[in-house]
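S.K.: Input file: protein20.cif. Contents: mmCIF, C-alpha atoms.
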data_run
#
loop_
_atom_site.label_atom_id
_atom_site.label_comp_id
_atom_site.auth_asym_id
_atom_site.auth_seq_id
_atom_site.Cartn_x
_atom_site.Cartn_y
_atom_site.Cartn_z
CA MET G 1 104.49 70.06 91.67
CA THR G 2 107.09 71.66 89.42
CA THR G 3 110.67 70.49 89.19
CA SER G 4 113.43 72.92 90.05
CA THR G 5 114.42 73.17 86.36
CA THR G 6 111.04 74.39 85.22
CA THR G 7 110.79 76.74 88.19
CA SER G 8 114.12 78.35 87.40
CA ARG G 9 113.22 78.53 83.70
CA ALA G 10 109.97 80.27 84.61
CA LEU G 11 111.90 82.74 86.76
CA TRP G 12 114.37 83.36 83.91
CA LEU G 13 111.41 84.34 81.77
CA GLN G 14 109.89 86.38 84.59
CA GLY G 15 113.10 88.38 84.91
CA ALA G 16 113.13 89.02 81.17
CA ILE G 17 109.49 90.18 81.31
CA ASP G 18 110.01 92.40 84.35
CA ILE G 19 112.93 94.27 82.78
CA MET G 20 111.13 94.67 79.41
CA PRO G 21 109.62 98.16 80.07
CA ILE G 22 113.11 99.38 81.01
CA SER G 23 114.68 97.70 77.98
CA ILE G 24 112.16 99.41 75.71
CA ALA G 25 112.75 102.80 77.35
CA ILE G 26 116.51 102.38 76.84
CA ILE G 27 116.23 101.74 73.07
CA PRO G 28 116.66 105.45 72.15
CA TRP G 29 119.85 105.54 74.19
CA GLY G 30 121.16 102.47 72.38
CA LEU G 31 120.37 104.12 69.04
CA LEU G 32 122.27 107.19 70.20
CA ALA G 33 125.27 105.15 71.41
CA GLY G 34 125.47 103.36 68.04
CA SER G 35 125.09 106.43 65.83
CA LEU G 36 127.44 108.56 67.94
CA ALA G 37 130.13 105.86 67.67
CA ILE G 38 129.90 105.98 63.87
CA GLU G 39 129.94 109.78 63.89
CA THR G 40 133.04 109.68 66.13
CA GLY G 41 134.84 107.61 63.49
CA LEU G 42 134.69 104.09 64.91
CA SER G 43 134.22 101.29 62.39
CA PRO G 44 130.82 99.54 62.58
CA LEU G 45 132.53 96.52 64.17
CA GLN G 46 134.25 98.69 66.79
CA ALA G 47 130.99 100.50 67.49
CA GLN G 48 129.21 97.18 68.08
CA CYS G 49 132.06 95.85 70.25
CA LEU G 50 131.76 98.91 72.44
CA SER G 51 128.19 97.89 73.29
CA LEU G 52 129.02 94.15 73.37
CA LEU G 53 132.07 94.39 75.64
CA VAL G 54 131.89 97.66 77.59
CA PHE G 55 128.11 97.50 77.94
CA ALA G 56 127.72 100.74 79.93
CA GLY G 57 125.64 103.44 78.25
CA ALA G 58 126.78 106.50 80.19
CA ALA G 59 130.47 105.48 80.06
CA GLN G 60 130.23 104.75 76.31
CA LEU G 61 128.65 108.12 75.48
CA ALA G 62 131.14 110.02 77.66
CA ALA G 63 134.08 108.20 76.04
CA LEU G 64 132.78 108.97 72.54
CA ASN G 65 132.44 112.66 73.41
CA LEU G 66 136.00 112.66 74.76
CA ILE G 67 137.34 110.93 71.63
CA GLN G 68 135.64 113.62 69.52
CA LEU G 69 137.48 116.24 71.60
CA ALA G 70 140.76 114.36 70.92
CA SER G 71 141.26 113.76 74.67
CA PRO G 72 144.22 111.75 75.96
CA VAL G 73 143.62 108.02 76.51
CA LEU G 74 144.18 108.37 80.23
CA ALA G 75 141.40 110.97 80.48
CA ILE G 76 139.02 108.65 78.62
CA LEU G 77 139.87 105.68 80.83
CA SER G 78 139.55 107.66 84.05
CA SER G 79 136.16 108.96 82.93
CA THR G 80 135.13 105.34 82.27
CA PHE G 81 136.28 104.37 85.74
CA VAL G 82 134.57 107.27 87.51
CA ILE G 83 131.27 106.90 85.66
CA SER G 84 131.08 103.15 86.17
CA SER G 85 132.37 103.23 89.76
CA ARG G 86 128.77 103.34 91.01
CA HIS G 87 128.68 99.66 90.05
CA LEU G 88 131.11 99.04 92.92
CA LEU G 89 128.17 99.78 95.22
CA TYR G 90 125.95 97.19 93.49
CA SER G 91 128.85 94.75 93.60
CA ALA G 92 129.25 95.31 97.36
CA LEU G 93 125.51 94.97 98.04
CA TYR G 94 125.36 91.66 96.13
CA ARG G 95 128.63 90.29 97.52
CA PRO G 96 127.00 87.82 99.94
CA VAL G 97 124.83 86.49 97.12
CA ALA G 98 127.69 86.29 94.62
CA LEU G 99 129.95 84.40 97.04
CA SER G 100 127.41 81.58 97.15
CA LEU G 101 127.62 81.14 93.35
CA PRO G 102 130.20 79.12 91.36
CA ARG G 103 132.87 81.18 89.59
CA HIS G 104 131.43 81.17 86.04
CA ARG G 105 128.08 82.37 87.42
CA ARG G 106 129.79 85.16 89.37
CA TYR G 107 131.52 86.30 86.18
CA LEU G 108 128.33 86.23 84.16
CA MET G 109 126.32 88.07 86.78
CA ALA G 110 129.04 90.74 87.18
CA PHE G 111 129.27 91.20 83.41
CA LEU G 112 125.52 91.78 83.14
CA LEU G 113 125.21 93.97 86.26
CA THR G 114 123.85 97.30 84.99
CA ASP G 115 121.77 100.00 86.72
CA GLU G 116 118.70 98.55 85.04
CA MET G 117 119.34 94.92 86.00
CA PHE G 118 120.16 96.07 89.53
CA ALA G 119 116.91 98.06 89.82
CA VAL G 120 114.85 95.04 88.70
CA ILE G 121 116.55 92.35 90.81
CA GLU G 122 116.57 94.62 93.87
CA ASN G 123 112.83 95.16 93.41
CA TYR G 124 112.36 91.38 93.14
CA ARG G 125 114.40 90.82 96.27
CA GLU G 126 112.34 93.38 98.18
CA LYS G 127 109.08 91.73 97.09
CA THR G 128 110.02 88.07 97.56
CA GLY G 129 112.67 88.39 100.25
CA HIS G 130 115.27 86.40 98.33
CA PHE G 131 117.65 86.54 95.37
CA ASP G 132 117.22 84.23 92.39
CA TYR G 133 120.11 83.66 89.98
CA GLY G 134 117.90 82.57 87.06
CA TYR G 135 115.70 85.64 87.47
CA ALA G 136 118.74 87.93 87.60
CA ILE G 137 120.34 86.45 84.47
CA GLY G 138 117.01 86.48 82.61
CA ALA G 139 116.65 90.17 83.33
CA GLY G 140 120.31 91.01 82.69
CA PHE G 141 120.74 89.00 79.50
CA SER G 142 117.52 90.15 77.81
CA PHE G 143 118.55 93.72 78.59
CA TYR G 144 121.99 93.01 77.09
CA LEU G 145 120.39 91.67 73.90
CA ILE G 146 118.07 94.66 73.47
CA TRP G 147 120.85 97.15 74.23
CA ASN G 148 122.99 95.55 71.53
CA ILE G 149 120.20 95.32 68.96
CA ALA G 150 119.40 99.01 69.60
CA SER G 151 123.12 99.84 69.24
CA LEU G 152 123.23 97.93 65.94
CA ALA G 153 120.18 99.84 64.68
CA GLY G 154 121.91 103.06 65.78
CA ILE G 155 125.05 102.08 63.86
CA VAL G 156 122.99 101.49 60.70
CA LEU G 157 121.09 104.78 61.21
CA GLY G 158 124.35 106.57 61.93
CA LEU G 159 125.75 105.31 58.61
CA ILE G 160 122.58 106.46 56.77
CA ILE G 161 121.33 109.57 58.61
CA GLY G 162 124.29 110.89 60.60
CA ASP G 163 124.03 112.92 63.80
CA MET G 164 121.24 111.96 66.23
CA THR G 165 122.57 113.64 69.38
CA GLU G 166 120.10 116.54 69.40
CA LEU G 167 116.97 114.41 69.66
CA GLY G 168 116.75 114.51 73.47
CA PHE G 169 117.09 110.76 74.06
CA ASP G 170 118.66 111.43 77.45
CA PHE G 171 115.24 112.48 78.72
CA ALA G 172 113.87 108.96 78.22
CA VAL G 173 116.54 107.73 80.63
CA ALA G 174 115.69 110.43 83.20
CA ALA G 175 111.96 109.60 82.94
CA LEU G 176 112.79 105.93 83.42
CA PHE G 177 114.81 106.48 86.58
CA ILE G 178 112.16 108.86 87.97
CA ALA G 179 109.51 106.21 87.34
CA MET G 180 111.59 103.60 89.18
CA VAL G 181 112.71 105.74 92.12
CA ILE G 182 109.54 107.63 93.09
CA PRO G 183 107.32 104.58 93.76
CA SER G 184 110.12 103.04 95.87
CA ILE G 185 109.94 105.91 98.39
CA ASN G 186 107.88 104.16 101.06
CA ASN G 187 109.66 105.24 104.22
CA ARG G 188 111.52 108.20 105.70
CA PRO G 189 115.13 107.02 105.14
CA THR G 190 114.49 106.35 101.44
CA LEU G 191 112.98 109.83 101.07
CA VAL G 192 116.10 111.27 102.72
CA ALA G 193 118.34 109.22 100.37
CA VAL G 194 116.53 110.63 97.33
CA ILE G 195 116.50 114.27 98.49
CA VAL G 196 120.09 114.36 99.76
CA SER G 197 121.63 112.58 96.77
CA GLY G 198 119.59 114.75 94.38
CA VAL G 199 120.64 118.03 96.02
CA LEU G 200 124.28 116.92 96.36
CA MET G 201 124.34 115.86 92.72
CA VAL G 202 123.11 119.26 91.55
CA LEU G 203 125.70 121.00 93.76
CA THR G 204 128.58 118.84 92.51
CA GLN G 205 127.49 119.57 88.93
CA LEU G 206 127.23 123.34 89.51
CA TYR G 207 130.68 123.45 91.10
CA SER G 208 132.20 120.85 88.75
CA VAL G 209 133.25 118.57 91.61
CA PRO G 210 134.99 115.46 90.24
CA ASN G 211 133.38 112.09 91.08
CA GLY G 212 130.15 113.98 91.87
CA LEU G 213 127.92 111.00 91.16
CA VAL G 214 129.58 108.67 93.62
CA LEU G 215 129.90 111.40 96.28
CA ALA G 216 126.23 112.36 95.92
CA ALA G 217 125.10 108.73 96.07
CA ILE G 218 127.19 107.89 99.13
CA GLY G 219 126.07 111.14 100.84
CA GLY G 220 122.43 110.19 100.27
CA MET G 221 122.98 106.63 101.49
CA VAL G 222 124.77 107.71 104.69
CA CYS G 223 122.08 110.31 105.48
CA ALA G 224 119.39 107.66 104.93
CA PHE G 225 121.23 105.33 107.31
CA LEU G 226 121.52 108.09 109.94
CA THR G 227 117.79 108.80 109.57
CA GLU G 228 117.04 105.11 110.02
CA ARG G 229 119.10 105.01 113.22
CA CYS G 230 118.29 108.40 114.78
CA TRP G 231 114.74 108.98 113.65
CA PRO G 232 113.12 105.56 113.17
CA THR G 233 109.53 105.11 112.14
CA ALA G 234 107.35 102.04 112.32
CA ALA G 235 107.45 101.83 108.53
CA SER G 236 111.26 101.89 108.37
CA LYS G 237 112.94 98.88 106.87
CA GLU G 238 114.67 96.55 109.28
CA SER G 239 118.32 96.14 108.46
CA PRO G 240 119.03 92.66 107.11
CA SER G 241 120.60 90.41 109.69
CA MET M 1 144.45 99.74 66.54
CA MET M 2 144.45 102.47 69.17
CA LEU M 3 140.65 102.35 69.26
CA TRP M 4 140.66 98.56 69.76
CA LEU M 5 143.02 98.90 72.73
CA LEU M 6 140.81 101.64 74.13
CA ILE M 7 137.68 99.50 73.81
CA GLY M 8 139.49 96.58 75.47
CA ALA M 9 140.70 98.74 78.35
CA MET M 10 137.24 100.24 78.86
CA ALA M 11 135.73 96.75 78.91
CA LEU M 12 138.21 95.67 81.60
CA ILE M 13 137.42 98.76 83.70
CA THR M 14 133.63 98.37 83.58
CA PHE M 15 133.94 94.64 84.31
CA TYR M 16 136.30 95.32 87.21
CA ASN M 17 133.85 97.77 88.81
CA ARG M 18 131.05 95.22 88.58
CA TYR M 19 133.08 92.23 89.74
CA ALA M 20 135.32 93.83 92.42
CA PHE M 21 133.32 92.79 95.50
CA PHE M 22 132.27 89.43 94.03
CA SER M 23 135.81 88.14 94.32
CA PRO M 24 136.21 85.56 97.12
CA ARG M 25 139.91 86.50 97.23
CA LEU M 26 138.89 89.80 98.77
CA LYS M 27 138.97 88.75 102.42
CA PHE M 28 136.42 90.72 104.34
CA SER M 29 132.81 90.48 105.36
CA ILE M 30 130.47 93.40 105.09
CA ARG M 31 129.58 94.79 108.50
CA PRO M 32 125.87 95.20 109.35
CA GLU M 33 126.16 99.02 109.33
CA ILE M 34 127.65 98.97 105.82
CA GLN M 35 124.96 96.53 104.71
CA SER M 36 122.34 98.95 106.07
CA ILE M 37 123.90 101.84 104.17
CA LEU M 38 124.10 99.79 100.97
CA GLN M 39 120.38 99.00 100.98
CA TYR M 40 119.83 102.65 99.94
CA THR M 41 122.06 102.24 96.86
CA ALA M 42 119.19 102.07 94.36
CA PRO M 43 117.29 105.27 95.29
CA ALA M 44 120.52 107.24 95.83
CA VAL M 45 122.35 106.27 92.63
CA LEU M 46 119.31 106.38 90.35
CA THR M 47 118.37 109.83 91.70
CA ALA M 48 121.91 111.10 91.16
CA LEU M 49 121.59 109.88 87.57
CA TRP M 50 118.30 111.59 86.66
CA VAL M 51 118.42 114.82 88.69
CA PRO M 52 121.14 116.58 86.62
CA ILE M 53 119.36 115.75 83.33
CA VAL M 54 116.29 117.63 84.59
CA PHE M 55 117.69 120.35 86.86
CA VAL M 56 121.09 121.24 85.38
CA LYS M 57 121.61 122.86 82.01
CA GLU M 58 125.05 123.79 80.67
CA GLY M 59 126.60 123.82 84.14
CA ALA M 60 123.95 126.06 85.71
CA LEU M 61 120.68 125.47 87.54
CA ASN M 62 117.89 124.98 85.01
CA THR M 63 115.37 127.69 85.93
CA GLN M 64 113.58 128.17 82.62
CA TRP M 65 110.11 126.75 83.06
CA ASN M 66 109.59 126.45 79.33
CA ASP M 67 112.62 124.16 79.04
CA PRO M 68 111.38 120.69 77.95
CA TYR M 69 113.73 118.85 80.33
CA LEU M 70 112.59 120.81 83.40
CA LEU M 71 108.90 120.95 82.55
CA ALA M 72 108.56 117.31 81.46
CA GLY M 73 110.88 116.16 84.28
CA VAL M 74 108.84 117.78 87.04
CA LEU M 75 105.64 116.54 85.43
CA THR M 76 107.04 112.98 85.28
CA VAL M 77 107.74 113.16 89.03
CA VAL M 78 104.13 114.26 89.68
CA VAL M 79 102.72 111.55 87.40
CA SER M 80 104.90 108.96 89.12
CA VAL M 81 103.65 110.01 92.57
CA VAL M 82 100.04 109.67 91.37
CA LEU M 83 100.27 106.52 89.21
CA LYS M 84 103.15 104.67 90.94
CA LYS M 85 103.46 102.46 87.84
CA PRO M 86 106.74 102.78 85.91
CA LEU M 87 105.68 102.04 82.32
CA PRO M 88 102.74 104.48 81.96
CA THR M 89 104.81 107.09 83.82
CA VAL M 90 107.68 106.80 81.33
CA LEU M 91 105.31 106.88 78.34
CA ILE M 92 103.50 110.02 79.59
CA GLY M 93 106.79 111.70 80.53
CA VAL M 94 108.43 111.06 77.16
CA LEU M 95 105.26 112.12 75.30
CA VAL M 96 105.13 115.43 77.23
CA PHE M 97 108.85 115.93 76.57
CA PHE M 98 108.45 115.56 72.82
CA LEU M 99 105.36 117.81 72.77
CA CYS M 100 107.35 120.47 74.66
CA THR M 101 110.28 120.06 72.28
CA ILE M 102 108.02 120.53 69.27
CA ALA M 103 106.28 123.53 70.91
CA ALA M 104 109.56 125.18 71.92
#
As a first step, turn the structure in this file into structure tokens.
M.R.:
Amino acid sequence: MTTSTTTSRALWLQGAIDIMPISIAIIPWGLLAGSLAIETGLSPLQAQCLSLLVFAGAAQLAALNLIQLASPVLAILSSTFVISSRHLLYSALYRPVALSLPRHRRYLMAFLLTDEMFAVIENYREKTGHFDYGYAIGAGFSFYLIWNIASLAGIVLGLIIGDMTELGFDFAVAALFIAMVIPSINNRPTLVAVIVSGVLMVLTQLYSVPNGLVLAAIGGMVCAFLTERCWPTAASKESPS
Amino acid sequence: MMLWLLIGAMALITFYNRYAFFSPRLKFSIRPEIQSILQYTAPAVLTALWVPIVFVKEGALNTQWNDPYLLAGVLTVVVSVVLKKPLPTVLIGVLVFFLCTIAA
């Protein structure tokens, strides 16, 4: 019989292993974030702090583009808020779990809560039926380390080579999210969530609707919920009680 | 100095968005309907993140079939449906993307 310490240590490692494919796929994006920061005129230390403290790929890249366009600070900060506001949804979903944790653990988990960590811990929760703090931090922290090492490599490459924006690194991220979403479609509401949020997202982009990402996501989620209620199938997920 | 303040403010904003609902000071409990809606967060948000990379180009619908993003993106979806395993799917998708980029 294992003690609780070794069990939680094993789960820490398991989380780190489970997020590894995603961490590897995100390396090009980290390289891009680092090199773009240098190209934008940040010092190497500032460039690294962006990845260390802000730790949000899409928000970092958008901010760097806006700085290059000499945008006002308020525009940069509101773009940061809008792009990272999807994390409010993760935060809401994990609220019951977080409230059972002591304060320092809540802070650490919130700090590490990225799309990638969320995807992995949500998958774990679906498989095992429960949340594990050690597993979540193992996944989140190893991802944080790799993101920052990739950013550092990008900073060095940016100082040596220069512009790396045209290499198509954003596709690696798209491929990654496709590979995580498609296998998770195992019932009708989830299929509806994917189709509706995808279509809405394209429409908001074509018509330059502000906050498109959050609107598209919420639209997809509400339609999935309505499907679950109005058109249930045997395979549909039961809502957690 | 300005850049340091900007980085600090951005860090506070991203942390706030992640922590907001973790705060016990926020006095409310999530109703079952909301909890049901929230369980579709992952497929909805992740889809909204990848779809524009594949299907939107310079503010318009991407309809050029020889475009690496569209071609490799659609192929990655097909591969994912068949294989259902994330890592090989990503590897095949990225490989096809770079082959298309070189060919284009």
S.K.: Which residues fall under the PyMOL selection byres ((chain M and resi 68) around 8) in this file, as a PyMOL selection string?
M.R.: chain M and resi 66-67+69-73+97-98+100-101+104
S.K.: Let me make sure I understand: among G:Ile76, G:Leu69, G:Leu159, G:Ala150, which one has the smallest atom-to-atom distance to chain M if we use only C-alpha atoms?
M.R.: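 Nearest to chain M: G:Ile76.
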S.K.: Based on all atoms listed in the file, which of the residues in chain G come within 7 Å of chain M? I want them as a PyMOL selection string.
M.R.: chain G and resi 21+50+53-54+77+80-81+84-85+87-89+91-93+95+98-99+106+110-111+113+119+171-172+174-183+190+193-194+197-198+201-202+205-206+213+216-217+220-222+225+239
S.K.: I'd like to know which of G:Ile161, G:Leu13, G:Asp170, G:Glu126 is closest to G:Leu61, using only C-alpha atoms.
M.R.: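 Ranking G:Ile161, G:Leu13, G:Asp170, G:Glu126 by distance to G:Leu61, first place goes to G:Asp170.
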S.K.: Go through G:Ile155, G:Leu64, G:Ile185, G:Pro102 and flag the residue nearest G:Gly34, using all atoms listed in the file for the distances.
M.R.: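 For G:Gly34, the nearest of the candidates is G:Ile155.
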